[in-house]
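As provided, query-v5.cif (mmCIF, C-alpha atoms) reads as follows.
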```
data_protein
#
loop_
_atom_site.group_PDB
_atom_site.id
_atom_site.type_symbol
_atom_site.label_atom_id
_atom_site.label_comp_id
_atom_site.auth_asym_id
_atom_site.auth_seq_id
_atom_site.Cartn_x
_atom_site.Cartn_y
_atom_site.Cartn_z
ATOM 1 C CA LEU H 1273 86.586 111.308 91.449
ATOM 2 C CA ALA H 1274 83.458 109.158 91.449
ATOM 3 C CA PRO H 1275 82.324 109.955 87.886
ATOM 4 C CA PHE H 1276 85.738 108.992 86.491
ATOM 5 C CA VAL H 1277 86.517 105.606 88.053
ATOM 6 C CA ALA H 1278 84.896 102.174 88.284
ATOM 7 C CA GLU H 1279 85.129 101.796 92.072
ATOM 8 C CA ILE H 1280 85.961 103.941 95.113
ATOM 9 C CA ILE H 1281 86.560 102.954 98.714
ATOM 10 C CA ALA H 1282 86.452 106.030 100.954
ATOM 11 C CA VAL H 1283 87.610 105.849 104.568
ATOM 12 C CA ASP H 1284 87.077 108.371 107.350
ATOM 13 C CA ALA H 1285 87.122 108.096 111.124
ATOM 14 C CA SER H 1286 84.243 110.541 111.499
ATOM 15 C CA ALA H 1287 80.678 109.253 111.332
ATOM 16 C CA ALA H 1288 79.510 112.800 110.560
ATOM 17 C CA MET H 1289 81.854 113.060 107.565
ATOM 18 C CA LEU H 1290 80.704 109.691 106.259
ATOM 19 C CA GLN H 1291 77.055 110.731 106.639
ATOM 20 C CA ALA H 1292 77.721 113.937 104.694
ATOM 21 C CA ALA H 1293 79.458 111.886 102.001
ATOM 22 C CA ARG H 1294 76.483 109.493 101.786
ATOM 23 C CA LYS H 1295 74.172 112.420 101.075
ATOM 24 C CA ARG H 1296 76.446 113.790 98.345
ATOM 25 C CA LEU H 1297 76.987 110.374 96.755
ATOM 26 C CA GLN H 1298 73.392 109.157 96.500
ATOM 27 C CA GLY H 1299 72.952 107.024 93.400
ATOM 28 C CA MET H 1300 76.665 106.254 93.077
ATOM 29 C CA ASP H 1301 76.608 102.567 93.912
ATOM 30 C CA HIS H 1302 80.269 102.095 93.000
ATOM 31 C CA VAL H 1303 81.370 104.128 96.052
ATOM 32 C CA SER H 1304 81.873 102.262 99.313
ATOM 33 C CA LEU H 1305 82.135 104.344 102.498
ATOM 34 C CA ARG H 1306 83.933 102.789 105.447
ATOM 35 C CA ARG H 1307 84.601 103.997 108.943
ATOM 36 C CA GLY H 1308 88.201 103.533 109.984
ATOM 37 C CA ASP H 1309 91.576 105.054 110.722
ATOM 38 C CA LEU H 1310 94.360 105.777 108.268
ATOM 39 C CA GLU H 1311 96.758 103.881 110.513
ATOM 40 C CA SER H 1312 94.614 100.722 110.217
ATOM 41 C CA LEU H 1313 92.685 100.862 106.958
ATOM 42 C CA PRO H 1314 89.622 98.592 106.615
ATOM 43 C CA ILE H 1315 90.826 97.468 103.166
ATOM 44 C CA ASP H 1316 92.373 94.174 102.045
ATOM 45 C CA ASN H 1317 96.038 93.913 101.085
ATOM 46 C CA GLU H 1318 96.935 94.962 97.529
ATOM 47 C CA ARG H 1319 93.324 95.942 96.759
ATOM 48 C CA LEU H 1320 93.742 99.451 95.313
ATOM 49 C CA ASP H 1321 95.209 100.841 92.106
ATOM 50 C CA ALA H 1322 95.513 104.323 93.626
ATOM 51 C CA ALA H 1323 95.042 106.098 96.942
ATOM 52 C CA THR H 1324 94.536 109.760 97.744
ATOM 53 C CA LEU H 1325 95.348 111.479 101.036
ATOM 54 C CA MET H 1326 93.857 114.964 100.978
ATOM 55 C CA LEU H 1327 94.878 117.317 103.781
ATOM 56 C CA VAL H 1328 95.016 114.578 106.419
ATOM 57 C CA LEU H 1329 98.667 113.733 107.121
ATOM 58 C CA HIS H 1330 99.173 116.864 109.223
ATOM 59 C CA HIS H 1331 96.492 115.588 111.649
ATOM 60 C CA LEU H 1332 98.282 112.301 112.373
ATOM 61 C CA PRO H 1333 100.766 111.815 115.230
ATOM 62 C CA GLU H 1334 102.648 109.259 113.109
ATOM 63 C CA PRO H 1335 102.092 109.861 109.384
ATOM 64 C CA ALA H 1336 104.557 107.047 108.678
ATOM 65 C CA LEU H 1337 101.974 104.540 109.961
ATOM 66 C CA ALA H 1338 99.407 105.833 107.474
ATOM 67 C CA LEU H 1339 101.900 105.632 104.612
ATOM 68 C CA ALA H 1340 102.752 102.049 105.586
ATOM 69 C CA GLU H 1341 99.033 101.242 105.460
ATOM 70 C CA VAL H 1342 98.673 102.885 102.065
ATOM 71 C CA ALA H 1343 101.580 100.770 100.808
ATOM 72 C CA ARG H 1344 99.851 97.674 102.190
ATOM 73 C CA VAL H 1345 96.542 98.290 100.417
ATOM 74 C CA LEU H 1346 98.025 99.391 97.086
ATOM 75 C CA LYS H 1347 98.716 96.881 94.349
ATOM 76 C CA PRO H 1348 102.350 96.678 93.222
ATOM 77 C CA HIS H 1349 103.126 99.823 91.220
ATOM 78 C CA GLY H 1350 99.940 101.474 92.558
ATOM 79 C CA ARG H 1351 100.103 105.220 93.004
ATOM 80 C CA VAL H 1352 99.516 107.440 96.019
ATOM 81 C CA ILE H 1353 98.523 111.085 95.565
ATOM 82 C CA ILE H 1354 98.950 113.390 98.549
ATOM 83 C CA ALA H 1355 97.818 116.985 98.973
ATOM 84 C CA ASP H 1356 98.945 118.643 102.170
ATOM 85 C CA MET H 1357 100.535 121.719 103.682
ATOM 86 C CA LEU H 1358 104.035 123.018 103.244
ATOM 87 C CA PRO H 1359 105.862 123.993 106.446
ATOM 88 C CA HIS H 1360 104.395 127.070 108.133
ATOM 89 C CA ASP H 1361 104.583 128.899 111.454
ATOM 90 C CA ARG H 1362 100.876 129.090 112.366
ATOM 91 C CA ASP H 1363 101.263 127.556 115.790
ATOM 92 C CA GLY H 1364 97.621 128.291 116.652
ATOM 93 C CA TYR H 1365 96.567 125.547 114.217
ATOM 94 C CA HIS H 1366 97.492 122.986 116.893
ATOM 95 C CA GLN H 1367 94.668 124.210 119.171
ATOM 96 C CA GLN H 1368 92.265 125.676 116.601
ATOM 97 C CA MET H 1369 92.174 122.801 114.140
ATOM 98 C CA GLY H 1370 93.903 119.849 115.752
ATOM 99 C CA HIS H 1371 96.968 119.914 113.546
ATOM 100 C CA VAL H 1372 99.814 117.783 114.859
ATOM 101 C CA TRP H 1373 102.276 118.821 112.140
ATOM 102 C CA LEU H 1374 102.761 122.356 110.849
ATOM 103 C CA GLY H 1375 103.231 121.125 107.301
ATOM 104 C CA PHE H 1376 105.812 118.904 105.653
ATOM 105 C CA ALA H 1377 109.075 119.844 104.004
ATOM 106 C CA PRO H 1378 109.466 118.076 100.652
ATOM 107 C CA ASP H 1379 112.632 116.242 101.748
ATOM 108 C CA HIS H 1380 110.883 114.959 104.903
ATOM 109 C CA LEU H 1381 107.886 113.678 102.943
ATOM 110 C CA GLU H 1382 110.138 112.059 100.348
ATOM 111 C CA GLU H 1383 112.000 110.262 103.139
ATOM 112 C CA LEU H 1384 108.728 109.045 104.673
ATOM 113 C CA LEU H 1385 107.576 107.723 101.308
ATOM 114 C CA THR H 1386 110.823 105.994 100.362
ATOM 115 C CA ASP H 1387 111.122 104.470 103.848
ATOM 116 C CA HIS H 1388 107.753 102.780 103.248
ATOM 117 C CA GLY H 1389 108.399 101.255 99.852
ATOM 118 C CA PHE H 1390 107.512 104.090 97.511
ATOM 119 C CA GLY H 1391 109.581 105.285 94.595
ATOM 120 C CA ASP H 1392 109.196 107.647 91.665
ATOM 121 C CA VAL H 1393 108.420 110.408 94.189
ATOM 122 C CA ARG H 1394 107.430 113.826 92.854
ATOM 123 C CA ILE H 1395 106.516 116.733 95.130
ATOM 124 C CA ILE H 1396 105.281 119.956 93.576
ATOM 125 C CA PRO H 1397 104.400 123.102 95.555
ATOM 126 C CA LEU H 1398 101.139 124.590 94.323
ATOM 127 C CA PRO H 1399 101.139 128.212 93.218
ATOM 128 C CA PRO H 1400 99.709 130.364 96.018
ATOM 129 C CA ASP H 1401 96.244 131.829 95.545
ATOM 130 C CA SER H 1402 96.233 135.533 96.366
ATOM 131 C CA LYS H 1403 92.824 135.099 98.077
ATOM 132 C CA ALA H 1404 93.904 132.105 100.183
ATOM 133 C CA LYS H 1405 94.468 132.733 103.873
ATOM 134 C CA GLY H 1406 95.997 129.390 104.772
ATOM 135 C CA PRO H 1407 99.487 127.949 104.384
ATOM 136 C CA GLY H 1408 100.952 126.915 101.066
ATOM 137 C CA LEU H 1409 100.081 123.481 99.714
ATOM 138 C CA PHE H 1410 101.814 120.785 97.711
ATOM 139 C CA ILE H 1411 100.821 117.812 95.610
ATOM 140 C CA ALA H 1412 102.941 114.680 95.851
ATOM 141 C CA THR H 1413 102.806 111.430 93.935
ATOM 142 C CA ALA H 1414 104.705 108.211 94.418
ATOM 143 C CA ARG H 1415 104.481 104.675 93.147
ATOM 144 C CA ARG H 1416 104.515 101.583 95.359
ATOM 145 C CA SER H 1417 107.398 99.276 94.619
ATOM 146 C CA SER H 1418 106.634 95.745 93.510
ATOM 147 C CA ASP H 1419 107.180 94.391 97.043
ATOM 148 C CA THR H 1420 106.918 96.533 100.190
ATOM 149 C CA ARG H 1421 106.534 93.692 102.653
ATOM 150 C CA SER H 1422 109.138 93.133 105.317
ATOM 151 C CA PRO H 1423 111.299 89.998 105.049
ATOM 152 C CA ASP H 1424 109.293 88.438 107.892
ATOM 153 C CA ALA H 1425 106.052 88.894 105.910
ATOM 154 C CA HIS H 1426 107.254 86.363 103.306
ATOM 155 C CA THR H 1427 107.543 83.553 105.824
ATOM 156 C CA GLY H 1428 104.655 84.555 108.055
ATOM 157 C CA GLU H 1429 106.973 84.667 111.072
#
```
Let me see the structure of the file written as structure tokens.
Amino acid sequence: LAPFVAEIIAVDASAAMLQAARKRLQGMDHVSLRRGDLESLPIDNERLDAATLMLVLHHLPEPALALAEVARVLKPHGRVIIADMLPHDRDGYHQQMGHVWLGFAPDHLEELLTDHGFGDVRIIPLPPDSKAKGPGLFIATARRSSDTRSPDAHTGE
């Protein structure tokens, strides 16, 4: 994405992943790499126009917390783009790759998104690649509503 946008803030919990990203992004001064968790993003409120979550939700014990954080850091009407796995029965992925979830059914993901202030939800399964060995994938998009804060957030109570 870096060649196509004015600014990127990339977040990962892994120092090794951030180091690999630094090497690949040398000379791209408009990319900021930050160490942090999806459930507590090191980004100010309403800072981003768009957010991408690429094959990460299935690693999180509570993906709803990450989606709430994405809603917090997106500007009103900002868009989230999610790529992740459709439901599958590869139980070994729990041990082999640290997956917490064995994919997401479209109706479950839509519920998670709408529960956290997103609308205009679209979820599209990707056509399977005959050479791919992993589970099927989907792309989802949703737009943050104009106000996702709780009623208590308005008063500061």
Starting from the PyMOL selection byres ((chain H and resi 1341) around 8), expand the selection into actual residues of this file and give them as a PDB file with C-alpha atoms, in the frame of the given file.
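Final output, part_36.pdb:
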```
ATOM      1  CA  LEU H1310      94.360 105.777 108.268  1.00  0.00           C
ATOM      2  CA  GLU H1311      96.758 103.881 110.513  1.00  0.00           C
ATOM      3  CA  SER H1312      94.614 100.722 110.217  1.00  0.00           C
ATOM      4  CA  LEU H1313      92.685 100.862 106.958  1.00  0.00           C
ATOM      5  CA  LEU H1337     101.974 104.540 109.961  1.00  0.00           C
ATOM      6  CA  ALA H1338      99.407 105.833 107.474  1.00  0.00           C
ATOM      7  CA  LEU H1339     101.900 105.632 104.612  1.00  0.00           C
ATOM      8  CA  ALA H1340     102.752 102.049 105.586  1.00  0.00           C
ATOM      9  CA  VAL H1342      98.673 102.885 102.065  1.00  0.00           C
ATOM     10  CA  ALA H1343     101.580 100.770 100.808  1.00  0.00           C
ATOM     11  CA  ARG H1344      99.851  97.674 102.190  1.00  0.00           C
ATOM     12  CA  VAL H1345      96.542  98.290 100.417  1.00  0.00           C
TER      13      VAL H1345
END
```
Do a neighbour search on segment 1378-1394 of chain H at 8 Å with only C-alpha atoms, toss out local chain neighbours closer than 2 positions, and write the hits as an mmCIF file with C-alpha atoms, in the coordinates of the input.
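Final output, selection_12.cif:
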```cif
data_model
loop_
_atom_site.group_PDB
_atom_site.id
_atom_site.type_symbol
_atom_site.label_atom_id
_atom_site.label_comp_id
_atom_site.auth_asym_id
_atom_site.auth_seq_id
_atom_site.Cartn_x
_atom_site.Cartn_y
_atom_site.Cartn_z
ATOM 1 C CA ALA H 1336 104.557 107.047 108.678
ATOM 2 C CA LEU H 1339 101.900 105.632 104.612
ATOM 3 C CA ALA H 1340 102.752 102.049 105.586
ATOM 4 C CA ALA H 1343 101.580 100.770 100.808
ATOM 5 C CA LEU H 1358 104.035 123.018 103.244
ATOM 6 C CA PHE H 1376 105.812 118.904 105.653
ATOM 7 C CA ILE H 1396 105.281 119.956 93.576
ATOM 8 C CA ALA H 1412 102.941 114.680 95.851
ATOM 9 C CA THR H 1413 102.806 111.430 93.935
ATOM 10 C CA ALA H 1414 104.705 108.211 94.418
ATOM 11 C CA ARG H 1415 104.481 104.675 93.147
ATOM 12 C CA ARG H 1416 104.515 101.583 95.359
ATOM 13 C CA SER H 1417 107.398 99.276 94.619
ATOM 14 C CA ASP H 1419 107.180 94.391 97.043
ATOM 15 C CA THR H 1420 106.918 96.533 100.190
#
```
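Of the residues listed (H:Gly1406, H:Leu1327, H:Ala1377, H:Ile1280), H:Gly1406 shows the shortest atom-to-atom separation from Tyr1365 of chain H; distances use only C-alpha atoms.
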Interatomic distance, atom CA of His1302 of chain H to atom CA of Arg1319 of chain H (Å, one decimal) =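 Going from atom CA of His1302 of chain H over to atom CA of Arg1319 of chain H, I get 14.9 Å.
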Gly1370 of chain H proximity check over H:Pro1333, H:Pro1275, H:Gly1308, H:Pro1314, using all atoms listed in the file: winner is H:Pro1333
Please identify all polymer residues within 10 Å of Pro1359 of chain H, counting only C-alpha atoms, omitting same-chain residues fewer than 3 positions from it, and present them as a ChimeraX atom specification.
-> /H:1356,1362,1373-1378,1407-1409
Could you spell out the hits of the PyMOL selection byres ((chain H and resi 1281) around 8) on the shown file, as a VMD selection string?
-> chain H and resid 1279 to 1280 1282 to 1283 1303 to 1306
Selected residue of minimal separation from Pro1348 of chain H among H:Leu1297, H:Val1372, H:Ala1292, H:Glu1318, counting all atoms listed in the file = H:Glu1318
Selection dump of the PyMOL selection byres ((chain H and resi 1326) around 8), as a VMD selection string = chain H and resid 1324 to 1325 1327 to 1329 1354 to 1356
Can you work out the spacing between atom CA of Val1277 of chain H and atom CA of Pro1400 of chain H in Å, to one decimal?
->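 So the two atoms, atom CA of Val1277 of chain H and atom CA of Pro1400 of chain H, lie 29.2 Å apart.
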Find the residue from H:Ile1315, H:Ala1274, H:His1360, H:Val1352 that sits nearest to Ile1411 of chain H; use all atoms listed in the file when measuring.
-> H:Val1352
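Comparing H:Leu1332, H:Arg1307, H:Met1300, H:Met1357 by their smallest distance to Leu1273 of chain H, the closest is H:Met1300 (using only C-alpha atoms).
Residue nearest Phe1410 of chain H, chosen from H:Gly1299, H:Pro1397, H:Pro1335, H:Gly1350 and counting only C-alpha atoms: H:Pro1397.
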Between atom CA of Arg1351 of chain H and atom CA of Ala1322 of chain H - distance in Å to one decimal | 4.7 Å
